[in-house]
Structures are given as structure tokens and as C-alpha cells.
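Step one of this worksheet: look at the structure below.
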Amino acid sequence: MTTLGTGLVRARRWLRGHPLAFDGGLAVAVLVCMICASFAEPDPGHGPVLGARTPGAASVLLMVLAAAALVLRRRRPVAVLAVTGLLSAVEFLLMDPPAPVVMSAVVALFAVAAGTDRPTTWRAALLTMGVLTVAAMVVGSTPWYSQENLGVLAWTGLAGAAGDAVRSRRAFIDAIRERAERAERTRDEEARRRVAEERLRIARDLHDVVAHHIALVNVQAGVAAHVMDKRPDQAKEALAHVREASRSALNELRATVGLLRQSGDPEAPTEPAPGLAVLGSLIDTFRNAGLPVEVACTDPDSPLPAAVDLAAYRIIQEALTNVRKHAGAGAKAEVSVVRVGGTAEVTVLDNGRGAGPAPADGGRHGLIGMRERVTALGGTLTAGPRYGGGFRVHAILPVTSRTREPDRPGTAGIRGGCA
């Protein structure tokens with residue numbers, strides 16, 4: 001049974017790949033059926049009797065022409081139906097009893113119904129049924145209600161209905177296949193989009209962590225080198241700040257890179273992402289680096305959603321890093337986080353000389369990263385020089401949830417972080 005099934009599958013595939021050969025074989029089979037049926041004489045008492053009659057040469061010629069027309073039924077279905085229907089009508093008009101040329105018209109009508117649309121099928125089926133049935137009833141020697149005449153009506157109607165059903169099934173299967181392919185393409189595109197967004201998010205986190213801590217390390221190392229000989233105690237304190245900043249950088253890098261681990265890799269760190277709860281520690285690092293920072297927060301008891309909380313922290317971190325790098329000596333900074341309706345507004349001001357021109361190597365990645373973070377949350381960010389000197393970064397972040405979230409690491413101490 002397995003060998004037989006495999007052979008049938010291969011034969012079916014070969015016929016699908018060679019439709020003209022299939023149509024030629026079908027035409028030969030229909031011709032054989034028409035010729036065999038033309039030798040049969042219906043006997044009401046005992047059924048058809050073979051050899052009771054012999055078809056004439058004209059009938060054989062009409063059967064051959066009608067069968068030959070079926071070879072083109074895929075390319076010209078309507079034309080083939082017209083030719084076979086005309087030959088069948090001629091057979092009814094000229095021969096008595098007629099040969100079963102109408103078999104070819106039935107096959108051609110099925111091809112029209114299966115290969116065209118429903119309106120064309122209805123028109124072709126009604127016209128074929130009407131013409132052939134009337135020709136059989138009017139010009140034949142048998143009574144109009146004989147089974148041969150009613151058989152013409154039944155077989156042509158059945159061919160149209162069967163062809164329409166086959167066409168509907170093909171359309172249904174094609175629609176399912178197209179929907180599945182579209183869903184597969186959409187799933188792949190969604191996966192690629194999510195991967196790209198995750199890479200961008202990780203790149204922003206890496207930039208924020210590295211830029212902030214390396215800037216602090218650079219400042220404190222410079223201080224230590226400057227006072228090493230004259231004030232060793234202050235140099236020691238600066239080196240302690242360098243050590244603390246480097247340790248914090250390593251911890252945050254380990255947490256960020258841990259997101260890239262595979263399922264079989266060692267377990268990634270489980271500490272929470274930074275937020276406004278640890279804003280106080282962030283501000284202390286800048287104050288220890290010599291940048292005076294004033295902080296003001298409103299509604300500290302209402303924690304922000306995790307994504308907004310992280311974005312606010314990173315914006316403040318990057319903005320203060322830029323102040324420390326570009327504002328110059330003697331600059332001061334002010335940080336405020338304000339809840340206004342359904343939004344949280346984060347503002348960082350300084351009184352320095354401004355961010356200055358963009359580096360030749362295409363800097364300002366920090367501002368780009370901040371804008372991307374805010375845009376991803378559906379907010380807006382403006383950054384530019386202030387009137388009278390200094391620089392201003394202002395972000396408006398939508399708060400998607402006004403309800404209090406469950407206590408989670410990074411939000412419980414928000415009052416202390418914004419104090």
C-alpha cells in the first residue's frame with residue numbers, strides 16, 4: 001500500500017507539472033467513452049445493448065473534433081465550450097439516433113466553471129443547458145420527456161455545479177495558504193523589528209553607563225594627579241571615588257550585557273534596573289566630582305511605571321554627564337521631576353557655557369539616545385541653549401498607568417531618591 005500510494009503521489013505531481021499531457025489523456029479517454037457509448041442501444045427492459053447500432057462516419061468525425069478541442073480546455077475554456085456545444089447541437093440535428101458528442105460539452109462546461117468566475121459559470125451553464133436540451137427534445141425521434149433528453153439536462157447542470165464547487169474549494173485553499181504565508185512574513189518582520197529595538201535599547205544603556213562613569217573617572221583621576229604631591233589625603237579620596245565609579249560601571253555593564261546571554265549561559269544578574277529611587281546616589285557621584293546639583297521632585301510617593309522611571313533616570317544621568325563634560329568650571333546644575341496630569345516632566349538646567357559644537361567624529365550621541373528613549377515612550381524632548389547662558393534639557397514622559405504599582409525594587413525609596 002505504501003508503494004502504491006507513493007506511485008500515485010509521484011504520478012499526480014508529474015501530471016501537475018505537465019498539464020497539456022493530462023488534457024491530452026483526458027481527451028483520449030472522453031473519445032473512447034463517446035465511441036463506446038455510440039455502439040449502445042438503450043433497452044427499457046434489460047438496459048443498454050452493445051452492438052445494436054453503429055455510428056456513422058459523420059458522427060465519428062464530430063466525436064474526434066469534439067475530443068480534440070478538449071486539449072485546449074485550460075487555455076481557452078469558453079471557446080472550447082462553444083465548439084463542443086456547437087458540435088453536440090449539430091449531432092442532435094443531423095443524426096438519429098445521435099452519438100453522445102454531448103459528453104465533450106459536459107467536460108468543457110466543467111472546465112469553464114472550475115476556471116472562471118461564478119457569473120460566467122451561470123451564464124455558460126444556462127446557455128449550454130438550454131440549447132442542448134431544446135435541440136435534443138425538438139429534433140429527436142424520441143418523446144421530449146425521454147430519459148436521454150432529461151439526461152442531457154441533468155449532466156450539463158451537474159457539470160456546472162461540480163466545476164463551481166471545485167473552483168470555490170481552490171479559492172478557499174489559496175486564501176488559507178496566502179493567509180498563512182502573510183502571517184509567517186508578519187511574524188518574521190515582527191521578530192526582526194523586536195530584535196532591532198532591543199539592540200537599540202541595549203546600545204543606549206551601554207552609552208549612558210559608559211559615558212557617565214568614564215567621565216567621572218576622568219575627572220577624579222585628574223584631580224588625584226593634580227593634588228597627589230601636595231595633598232595626598234584629597235588624592236586618596238579622589239582615587240576612592242574613581243574606584244567606586246569604576247565598580248558601579250562594571251556592575252551596570254554586567255547587568256546590561258546579561259540581557260544578551262543565551263538560555264544555557266550562567267544566570268544573569270537579578271538586581272533591578274536603576275530608577276529615581278537611586279537618584280540620590282547618582283547625584284552624589286556628580287557632587288563628589290565637583291558639580292553642585294540641586295534636586296527638586298514633586299509627588300515623590302507616587303512611583304512611575306518601570307519604563308518611565310528608567311527613562312527619567314537615564315535622561316538625568318546623561319544630561320548631568322554632558323554638564324560635567326561641556327559646561328566648564330564653576331557650572332551648577334538643577335534637576336527637577338514633576339508630575340503634571342498624566343505626564344512626568346524631567347528638566348535639567350545648568351549655567352555653564354553650553355554644550356558647545358558637535359565633535360568632528362559625529363558626537364552628540366547622548367542627546368540622540370535621550371530623544372530615542374523619550375520617543376519610544378510616546379513623549380517629547382527638547383534640548384538647547386538657555387537664554388542668558390547655559391543649557392536646558394526638558395523631557396515630557398507620558399505616564400500610562402495612574403494607579404500605584406506594587407512595591408518593587410527601585411521605587412520603594414523614591415522619596416529619598418528625589419530629596
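Please note that chains go A, B, ... in the order of the C-alpha cells, that every chain numbers its residues from 1, and that ligands are numbered from 1 in the order shown.
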I'd like the neighbourhood of Leu282 of chain A as a short mmCIF file (atom, residue, chain, number, x, y, z; two decimals) with N, CA and C atoms, in the first residue's frame, where a residue qualifies if any of its atoms comes within 8 Å (using only C-alpha atoms), though same-chain residues fewer than 4 positions away should be ignored.
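File produced: part-v9.cif:
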data_model
loop_
_atom_site.label_atom_id
_atom_site.label_comp_id
_atom_site.auth_asym_id
_atom_site.auth_seq_id
_atom_site.Cartn_x
_atom_site.Cartn_y
_atom_site.Cartn_z
N VAL A 278 17.20 55.52 43.18
CA VAL A 278 18.64 55.65 43.45
C VAL A 278 19.17 56.94 42.84
N PHE A 286 28.09 63.00 41.17
CA PHE A 286 28.42 64.26 40.48
C PHE A 286 28.88 65.30 41.49
N GLN A 317 20.92 61.22 34.11
CA GLN A 317 22.31 60.77 34.11
C GLN A 317 23.07 61.33 32.91
#
**Prompt:** Residues at most 9 Å from Val217 of chain A, counting only C-alpha atoms, excluding those fewer than 5 positions away in the same chain, as an MDAnalysis selection string?
**Reply:** chainID A and resid 212 222 239 241:243 245:246 289
**Item:** Residue nearest Gly366 of chain A - candidates A:Gly388, A:Ser281, A:Leu349, A:Ala203, atoms counted: only C-alpha atoms
**Value:** A:Ala203
**Request:** Could you tell me how far atom CA of Val101 of chain A lies from atom CA of Ser88 of chain A, in Å and to one decimal?
**Result:** 5.2 Å
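All residues of protein, DNA or RNA that reach within 8 Å of Val293 of chain A, judged by only C-alpha atoms and not counting those fewer than 5 positions away in the chain, are Ile283, Phe286, Arg287, Lys332, Ala333, Glu334 and Val335 of chain A.
Residue nearest Ser302 of chain A within the list A:Ser248, A:Leu276, A:Leu127, A:Ala159: A:Leu276 [criterion: smallest interatomic distance, only C-alpha atoms].
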**Request:** Identify, on the basis of only C-alpha atoms, every residue whose closest approach to Ala105 of chain A does not exceed 8 Å; exclude the query and any residue fewer than 2 positions from it along the same chain; express the result as a count of residues only.
**Result:** 12
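Taking atom CA of Thr133 of chain A as the reference point, atom CA of Val64 of chain A is found at 21.8 Å.
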Report as a JSON list (two decimals) with all heavy atoms, in the first residue's frame all protein, DNA and RNA residues lying within 8 Å of segment 25-31 of chain A, evaluated on only C-alpha atoms, omitting residues in the same chain fewer than 5 positions from it.
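Now in out.json:
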[["chain", "number", "residue", "atom", "x", "y", "z"],
["A", 63, "MET", "N", -17.21, 13.39, -33.11],
["A", 63, "MET", "CA", -16.65, 12.98, -31.81],
["A", 63, "MET", "C", -15.15, 13.25, -31.75],
["A", 63, "MET", "O", -14.63, 13.68, -30.71],
["A", 63, "MET", "CB", -16.95, 11.50, -31.57],
["A", 63, "MET", "CG", -18.41, 11.22, -31.25],
["A", 63, "MET", "SD", -18.71, 9.50, -30.78],
["A", 63, "MET", "CE", -18.55, 8.68, -32.36],
["A", 64, "VAL", "N", -14.44, 12.99, -32.82],
["A", 64, "VAL", "CA", -12.99, 13.24, -32.83],
["A", 64, "VAL", "C", -12.70, 14.74, -32.70],
["A", 64, "VAL", "O", -11.80, 15.15, -31.94],
["A", 64, "VAL", "CB", -12.37, 12.67, -34.12],
["A", 64, "VAL", "CG1", -10.90, 13.10, -34.25],
["A", 64, "VAL", "CG2", -12.47, 11.15, -34.13],
["A", 67, "ALA", "N", -13.46, 15.83, -29.09],
["A", 67, "ALA", "CA", -12.43, 15.37, -28.16],
["A", 67, "ALA", "C", -11.12, 16.15, -28.36],
["A", 67, "ALA", "O", -10.44, 16.48, -27.38],
["A", 67, "ALA", "CB", -12.20, 13.87, -28.35],
["A", 68, "ALA", "N", -10.77, 16.43, -29.61],
["A", 68, "ALA", "CA", -9.54, 17.19, -29.86],
["A", 68, "ALA", "C", -9.62, 18.60, -29.28],
["A", 68, "ALA", "O", -8.61, 19.15, -28.81],
["A", 68, "ALA", "CB", -9.28, 17.26, -31.37],
["A", 70, "LEU", "N", -10.93, 19.44, -26.54],
["A", 70, "LEU", "CA", -10.72, 19.41, -25.08],
["A", 70, "LEU", "C", -9.27, 19.57, -24.68],
["A", 70, "LEU", "O", -8.97, 19.85, -23.51],
["A", 70, "LEU", "CB", -11.27, 18.09, -24.52],
["A", 70, "LEU", "CG", -12.79, 17.89, -24.60],
["A", 70, "LEU", "CD1", -13.17, 16.53, -24.06],
["A", 70, "LEU", "CD2", -13.51, 19.00, -23.83],
["A", 71, "VAL", "N", -8.34, 19.36, -25.62],
["A", 71, "VAL", "CA", -6.92, 19.53, -25.28],
["A", 71, "VAL", "C", -6.63, 20.98, -24.87],
["A", 71, "VAL", "O", -5.73, 21.25, -24.06],
["A", 71, "VAL", "CB", -6.05, 19.11, -26.48],
["A", 71, "VAL", "CG1", -4.57, 19.33, -26.17],
["A", 71, "VAL", "CG2", -6.31, 17.65, -26.82],
["A", 103, "MET", "N", -21.03, 14.46, -24.43],
["A", 103, "MET", "CA", -20.08, 14.21, -23.33],
["A", 103, "MET", "C", -18.95, 15.24, -23.33],
["A", 103, "MET", "O", -18.50, 15.69, -22.26],
["A", 103, "MET", "CB", -19.48, 12.81, -23.46],
["A", 103, "MET", "CG", -20.43, 11.67, -23.15],
["A", 103, "MET", "SD", -19.54, 10.09, -23.20],
["A", 103, "MET", "CE", -20.89, 8.96, -22.82],
["A", 104, "SER", "N", -18.47, 15.59, -24.50],
["A", 104, "SER", "CA", -17.40, 16.58, -24.58],
["A", 104, "SER", "C", -17.87, 17.95, -24.09],
["A", 104, "SER", "O", -17.11, 18.69, -23.45],
["A", 104, "SER", "CB", -16.88, 16.68, -26.02],
["A", 104, "SER", "OG", -17.92, 17.09, -26.89]]
**Request:** Determine which residues of segment 35-131 of chain A receive a DSSP assignment of helix (DSSP H, G or I), computed from the backbone, and state them as a VMD selection string.
**Result:** chain A and resid 35 to 38 57 to 72 77 to 94 102 to 115 118 to 131
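Summary of the local environment: counting only C-alpha atoms, residues at most 10 Å from Asn288 of chain A, other than itself and those fewer than 6 positions away along its chain, are Leu216, Gln220, Glu237, Ala238 and His241 of chain A.
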Print the selection's residues with N, CA, C and O atoms to a file, as a short mmCIF file (atom, residue, chain, number, x, y, z; two decimals), in the first residue's frame.
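Saved file again_17.cif follows:
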data_model
loop_
_atom_site.label_atom_id
_atom_site.label_comp_id
_atom_site.auth_asym_id
_atom_site.auth_seq_id
_atom_site.Cartn_x
_atom_site.Cartn_y
_atom_site.Cartn_z
N LEU A 216 33.23 60.53 35.01
CA LEU A 216 33.56 60.73 36.42
C LEU A 216 34.96 60.21 36.74
O LEU A 216 35.71 60.85 37.50
N GLN A 220 37.93 62.56 38.36
CA GLN A 220 38.56 62.25 39.63
C GLN A 220 40.03 61.87 39.46
O GLN A 220 40.87 62.19 40.33
N GLU A 237 41.11 60.43 48.49
CA GLU A 237 39.65 60.50 48.37
C GLU A 237 39.20 60.46 46.91
O GLU A 237 38.22 59.79 46.57
N ALA A 238 39.95 61.17 46.04
CA ALA A 238 39.60 61.16 44.61
C ALA A 238 39.76 59.76 44.02
O ALA A 238 38.93 59.30 43.22
N HIS A 241 36.85 57.69 44.91
CA HIS A 241 35.72 57.96 44.02
C HIS A 241 35.92 57.27 42.67
O HIS A 241 34.95 56.78 42.06
#
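Reported to one decimal place, the separation of atom CA of Thr285 of chain A from atom CA of Leu381 of chain A is 24.9 Å.
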**Request:** Please identify which residues in segment 109-317 of chain A DSSP calls strand (DSSP E or B) from the backbone, and express them as a PyMOL selection string.
**Result:** chain A and resi 293-297
**Request:** Measuring atom to atom with only C-alpha atoms, identify which of A:Ala180, A:Leu65, A:Ile368, A:Ala329 is nearest to Ile315 of chain A.
**Result:** A:Ile368
